[in-house]
Amino acid sequence: MTFTGFTSEAFEFYEGLLADNSKSYWTANRQVYDEHVRGPLADLCAELEEEFGAVKLFRPYRDVRFSKDKTPYKTHQGGHSGGYYVQIDADGLMVAGGMYAPTPEQLRRYRAAVGADASGKELQSIVDGLRATGLEIAGDRLKTRPRGTPEDHPRLDLLRHRSLYAHEGWPADPWMATPEVVTRVRDAWRRLRPLVEWGDEHVGPPDFSR
């Protein structure tokens, strides 16, 4: 199917779920989720597949086994293709790219690559360039610095990251109900490509299992 946009019902669905994250709400509104959230997001991802590869949609159910928060449903719907990510929720749409939940071995490789002169400078240049285009750099960070890292390391800020990604979002404005969404997501993912490809080369495939 061809993507035509996200209707207001998609965002209203998540506004309602934020207010009542229960099985009864989900059951009563499951058709809205299927028709206005998951269906259109799958269509959007299909439009992007030729350039970025197949996009996998996450399950809408939370894993509550080890969480104090026992609410059963995620308050967003996301999908990923490698290091690329897209998400819809009550506020609008968000896209991202990078390293999200690295394994200990992936984190070791990341820090080794950041510490190396050539690959570290390349990443710094990529991150600076993404900031310059309006993308926000985010990720879990150490408050101090990795053990053994000198205080004056030129890329100390990057070495503190335990995850590193860039993201951009848009509010649920009327243009969301049009195919313009495809263009904006595609353009953002293209800007994110250098960061994703750096991670593919130096860190390895992203880990979305957490």
# chains A, B, ... in the order shown; residues from 1 in each chain; ligands from 1

call {"tool": "residues_around", "arguments": {"residues": "segment 8-13 of chain A", "least_positions_apart": "6", "cutoff": "9 Å", "atoms": "only C-alpha atoms", "output": "list in words"}}
result
Asn29, Val32, Tyr33, Glu35, His36, Val37, Ile88, Asp89, Ala90, Asp91, Gly92, Ala172, Asp173, Pro174, Met176 and Ala177 of chain A

call {"tool": "atom_distance", "arguments": {"atom1": "atom CA of Glu151 of chain A", "atom2": "atom CA of Ile126 of chain A"}}
result
22.7 Å

call {"tool": "closest_residue", "arguments": {"among": "A:Arg193, A:Arg131, A:Arg38, A:Arg109", "to": "Leu159 of chain A", "atoms": "only C-alpha atoms"}}
result
A:Arg109

call {"tool": "residues_around", "arguments": {"residues": "Gly120 of chain A", "least_positions_apart": "4", "cutoff": "12 Å", "atoms": "only C-alpha atoms", "output": "list of chain:residue names"}}
result
A:Arg109, A:Tyr110, A:Arg111, A:Ala112, A:Ala113, A:Val114, A:Gly115, A:Ala116, A:Gln124, A:Ser125, A:Ile126, A:Val127, A:His153, A:Pro154, A:Arg155, A:Leu156, A:Asp157, A:Leu158, A:Leu159, A:Trp198, A:Gly199, A:His202

call {"tool": "write_last_selection", "arguments": {"atoms": "N, CA, C and O atoms", "output": "PDB file, in the first residue's frame"}}
result
ATOM      1  N   ARG A 109      34.457  -1.748  21.451  1.00  0.00           N
ATOM      2  CA  ARG A 109      34.891  -1.387  20.100  1.00  0.00           C
ATOM      3  C   ARG A 109      34.638   0.092  19.816  1.00  0.00           C
ATOM      4  O   ARG A 109      35.436   0.765  19.154  1.00  0.00           O
ATOM      5  N   TYR A 110      33.502   0.608  20.311  1.00  0.00           N
ATOM      6  CA  TYR A 110      33.198   2.026  20.127  1.00  0.00           C
ATOM      7  C   TYR A 110      34.293   2.897  20.747  1.00  0.00           C
ATOM      8  O   TYR A 110      34.810   3.816  20.099  1.00  0.00           O
ATOM      9  N   ARG A 111      34.634   2.622  21.993  1.00  0.00           N
ATOM     10  CA  ARG A 111      35.623   3.457  22.672  1.00  0.00           C
ATOM     11  C   ARG A 111      37.006   3.321  22.041  1.00  0.00           C
ATOM     12  O   ARG A 111      37.766   4.299  21.971  1.00  0.00           O
ATOM     13  N   ALA A 112      37.327   2.135  21.568  1.00  0.00           N
ATOM     14  CA  ALA A 112      38.605   1.959  20.874  1.00  0.00           C
ATOM     15  C   ALA A 112      38.639   2.793  19.597  1.00  0.00           C
ATOM     16  O   ALA A 112      39.649   3.427  19.271  1.00  0.00           O
ATOM     17  N   ALA A 113      37.519   2.812  18.875  1.00  0.00           N
ATOM     18  CA  ALA A 113      37.465   3.580  17.627  1.00  0.00           C
ATOM     19  C   ALA A 113      37.479   5.079  17.887  1.00  0.00           C
ATOM     20  O   ALA A 113      38.093   5.847  17.127  1.00  0.00           O
ATOM     21  N   VAL A 114      36.812   5.521  18.947  1.00  0.00           N
ATOM     22  CA  VAL A 114      36.835   6.947  19.295  1.00  0.00           C
ATOM     23  C   VAL A 114      38.237   7.354  19.726  1.00  0.00           C
ATOM     24  O   VAL A 114      38.714   8.452  19.417  1.00  0.00           O
ATOM     25  N   GLY A 115      38.919   6.472  20.443  1.00  0.00           N
ATOM     26  CA  GLY A 115      40.264   6.781  20.906  1.00  0.00           C
ATOM     27  C   GLY A 115      41.290   6.804  19.803  1.00  0.00           C
ATOM     28  O   GLY A 115      42.290   7.541  19.881  1.00  0.00           O
ATOM     29  N   ALA A 116      41.080   6.005  18.746  1.00  0.00           N
ATOM     30  CA  ALA A 116      42.009   5.988  17.619  1.00  0.00           C
ATOM     31  C   ALA A 116      41.931   7.312  16.865  1.00  0.00           C
ATOM     32  O   ALA A 116      40.849   7.876  16.686  1.00  0.00           O
ATOM     33  N   GLN A 124      33.998  12.649  15.292  1.00  0.00           N
ATOM     34  CA  GLN A 124      33.810  14.004  15.790  1.00  0.00           C
ATOM     35  C   GLN A 124      33.306  14.919  14.685  1.00  0.00           C
ATOM     36  O   GLN A 124      32.403  15.743  14.897  1.00  0.00           O
ATOM     37  N   SER A 125      33.853  14.757  13.495  1.00  0.00           N
ATOM     38  CA  SER A 125      33.417  15.564  12.358  1.00  0.00           C
ATOM     39  C   SER A 125      31.967  15.256  11.988  1.00  0.00           C
ATOM     40  O   SER A 125      31.180  16.165  11.687  1.00  0.00           O
ATOM     41  N   ILE A 126      31.597  13.977  12.039  1.00  0.00           N
ATOM     42  CA  ILE A 126      30.213  13.585  11.735  1.00  0.00           C
ATOM     43  C   ILE A 126      29.248  14.200  12.742  1.00  0.00           C
ATOM     44  O   ILE A 126      28.216  14.773  12.377  1.00  0.00           O
ATOM     45  N   VAL A 127      29.568  14.078  14.028  1.00  0.00           N
ATOM     46  CA  VAL A 127      28.706  14.606  15.083  1.00  0.00           C
ATOM     47  C   VAL A 127      28.570  16.123  14.955  1.00  0.00           C
ATOM     48  O   VAL A 127      27.456  16.670  15.066  1.00  0.00           O
ATOM     49  N   HIS A 153      41.853  14.299  27.129  1.00  0.00           N
ATOM     50  CA  HIS A 153      41.647  13.621  25.849  1.00  0.00           C
ATOM     51  C   HIS A 153      40.801  14.511  24.933  1.00  0.00           C
ATOM     52  O   HIS A 153      39.770  15.058  25.360  1.00  0.00           O
ATOM     53  N   PRO A 154      41.213  14.699  23.672  1.00  0.00           N
ATOM     54  CA  PRO A 154      40.507  15.637  22.788  1.00  0.00           C
ATOM     55  C   PRO A 154      39.064  15.229  22.468  1.00  0.00           C
ATOM     56  O   PRO A 154      38.270  16.060  22.050  1.00  0.00           O
ATOM     57  N   ARG A 155      38.734  13.944  22.675  1.00  0.00           N
ATOM     58  CA  ARG A 155      37.369  13.495  22.387  1.00  0.00           C
ATOM     59  C   ARG A 155      36.733  12.882  23.636  1.00  0.00           C
ATOM     60  O   ARG A 155      35.965  11.911  23.562  1.00  0.00           O
ATOM     61  N   LEU A 156      37.028  13.492  24.778  1.00  0.00           N
ATOM     62  CA  LEU A 156      36.512  12.981  26.039  1.00  0.00           C
ATOM     63  C   LEU A 156      34.980  12.951  26.055  1.00  0.00           C
ATOM     64  O   LEU A 156      34.376  12.017  26.577  1.00  0.00           O
ATOM     65  N   ASP A 157      34.361  13.964  25.470  1.00  0.00           N
ATOM     66  CA  ASP A 157      32.897  14.010  25.466  1.00  0.00           C
ATOM     67  C   ASP A 157      32.315  12.794  24.753  1.00  0.00           C
ATOM     68  O   ASP A 157      31.344  12.192  25.225  1.00  0.00           O
ATOM     69  N   LEU A 158      32.890  12.408  23.624  1.00  0.00           N
ATOM     70  CA  LEU A 158      32.412  11.237  22.900  1.00  0.00           C
ATOM     71  C   LEU A 158      32.718   9.953  23.665  1.00  0.00           C
ATOM     72  O   LEU A 158      31.928   9.009  23.646  1.00  0.00           O
ATOM     73  N   LEU A 159      33.859   9.893  24.337  1.00  0.00           N
ATOM     74  CA  LEU A 159      34.232   8.697  25.080  1.00  0.00           C
ATOM     75  C   LEU A 159      33.310   8.455  26.275  1.00  0.00           C
ATOM     76  O   LEU A 159      33.157   7.318  26.735  1.00  0.00           O
ATOM     77  N   TRP A 198      29.355   4.818  10.144  1.00  0.00           N
ATOM     78  CA  TRP A 198      30.521   4.783  11.037  1.00  0.00           C
ATOM     79  C   TRP A 198      30.324   3.688  12.083  1.00  0.00           C
ATOM     80  O   TRP A 198      31.246   2.923  12.370  1.00  0.00           O
ATOM     81  N   GLY A 199      29.136   3.596  12.640  1.00  0.00           N
ATOM     82  CA  GLY A 199      28.859   2.562  13.628  1.00  0.00           C
ATOM     83  C   GLY A 199      28.938   1.165  13.039  1.00  0.00           C
ATOM     84  O   GLY A 199      29.463   0.238  13.672  1.00  0.00           O
ATOM     85  N   HIS A 202      32.778   0.403  12.668  1.00  0.00           N
ATOM     86  CA  HIS A 202      33.665   0.368  13.828  1.00  0.00           C
ATOM     87  C   HIS A 202      33.066  -0.322  15.059  1.00  0.00           C
ATOM     88  O   HIS A 202      33.818  -0.738  15.945  1.00  0.00           O
TER      89      HIS A 202
END

call {"tool": "atom_distance", "arguments": {"atom1": "atom CA of Ile137 of chain A", "atom2": "atom CA of Gly169 of chain A"}}
result
12.4 Å

call {"tool": "closest_atom_pairs", "arguments": {"of": "segment 124-188 of chain A", "to": "segment 41-49 of chain A", "cutoff": "10 Å", "atoms": "only C-alpha atoms", "output": "tab-separated table"}}
result
residue	atom	partner	partner_atom	distance
A:Pro179	CA	A:Leu44	CA	8.7
A:Val181	CA	A:Leu44	CA	8.0
A:Val182	CA	A:Leu44	CA	6.4
A:Thr183	CA	A:Leu48	CA	9.5
A:Val185	CA	A:Leu48	CA	8.6
A:Arg186	CA	A:Leu48	CA	6.9

call {"tool": "write_last_selection", "arguments": {"atoms": "N, CA, C and O atoms", "output": "tab-separated table (two decimals), in the first residue's frame"}}
result
chain	number	residue	atom	x	y	z
A	179	PRO	N	1.71	12.74	2.36
A	179	PRO	CA	2.92	11.99	2.03
A	179	PRO	C	4.22	12.75	2.28
A	179	PRO	O	5.30	12.17	2.12
A	181	VAL	N	5.49	13.28	4.91
A	181	VAL	CA	6.19	12.55	5.96
A	181	VAL	C	7.31	11.70	5.37
A	181	VAL	O	8.42	11.64	5.92
A	182	VAL	N	7.05	11.05	4.25
A	182	VAL	CA	8.06	10.20	3.62
A	182	VAL	C	9.30	11.01	3.28
A	182	VAL	O	10.43	10.61	3.55
A	183	THR	N	9.09	12.18	2.69
A	183	THR	CA	10.21	13.03	2.30
A	183	THR	C	11.02	13.47	3.50
A	183	THR	O	12.27	13.42	3.47
A	185	VAL	N	11.26	12.07	6.54
A	185	VAL	CA	11.98	10.95	7.18
A	185	VAL	C	13.14	10.52	6.31
A	185	VAL	O	14.25	10.28	6.80
A	186	ARG	N	12.93	10.42	5.01
A	186	ARG	CA	14.00	10.02	4.10
A	186	ARG	C	15.17	11.01	4.16
A	186	ARG	O	16.34	10.61	4.24

call {"tool": "closest_residue", "arguments": {"among": "A:Asp140, A:Glu180, A:Asp128, A:Glu122", "to": "Glu201 of chain A", "atoms": "only C-alpha atoms"}}
result
A:Glu122

call {"tool": "select_by_dssp", "arguments": {"residues": "segment 47-188 of chain A", "states": "alpha helix (DSSP H)", "output": "count of residues only"}}
result
47

call {"tool": "residues_around", "arguments": {"residues": "Leu135 of chain A", "least_positions_apart": "5", "cutoff": "10 Å", "atoms": "only C-alpha atoms", "output": "PyMOL selection string"}}
result
chain A and resi 95-96+127-130+165-169+188+191-192

call {"tool": "residues_around", "arguments": {"residues": "Lys23 of chain A", "least_positions_apart": "4", "cutoff": "10 Å", "atoms": "only C-alpha atoms", "output": "number ranges by chain"}}
result
A: 17, 27-30, 71-73

call {"tool": "closest_residue", "arguments": {"among": "A:Lys121, A:Trp189, A:Gly5, A:Tyr14", "to": "Lys74 of chain A", "atoms": "only C-alpha atoms"}}
result
A:Tyr14

call {"tool": "select_by_dssp", "arguments": {"residues": "segment 10-160 of chain A", "states": "strand (DSSP E or B)", "output": "PyMOL selection string"}}
result
chain A and resi 56-57+61+73+76-81+84-89+92-99+136-138+141

call {"tool": "atom_distance", "arguments": {"atom1": "atom CA of Arg141 of chain A", "atom2": "atom CA of Gln106 of chain A"}}
result
15.2 Å
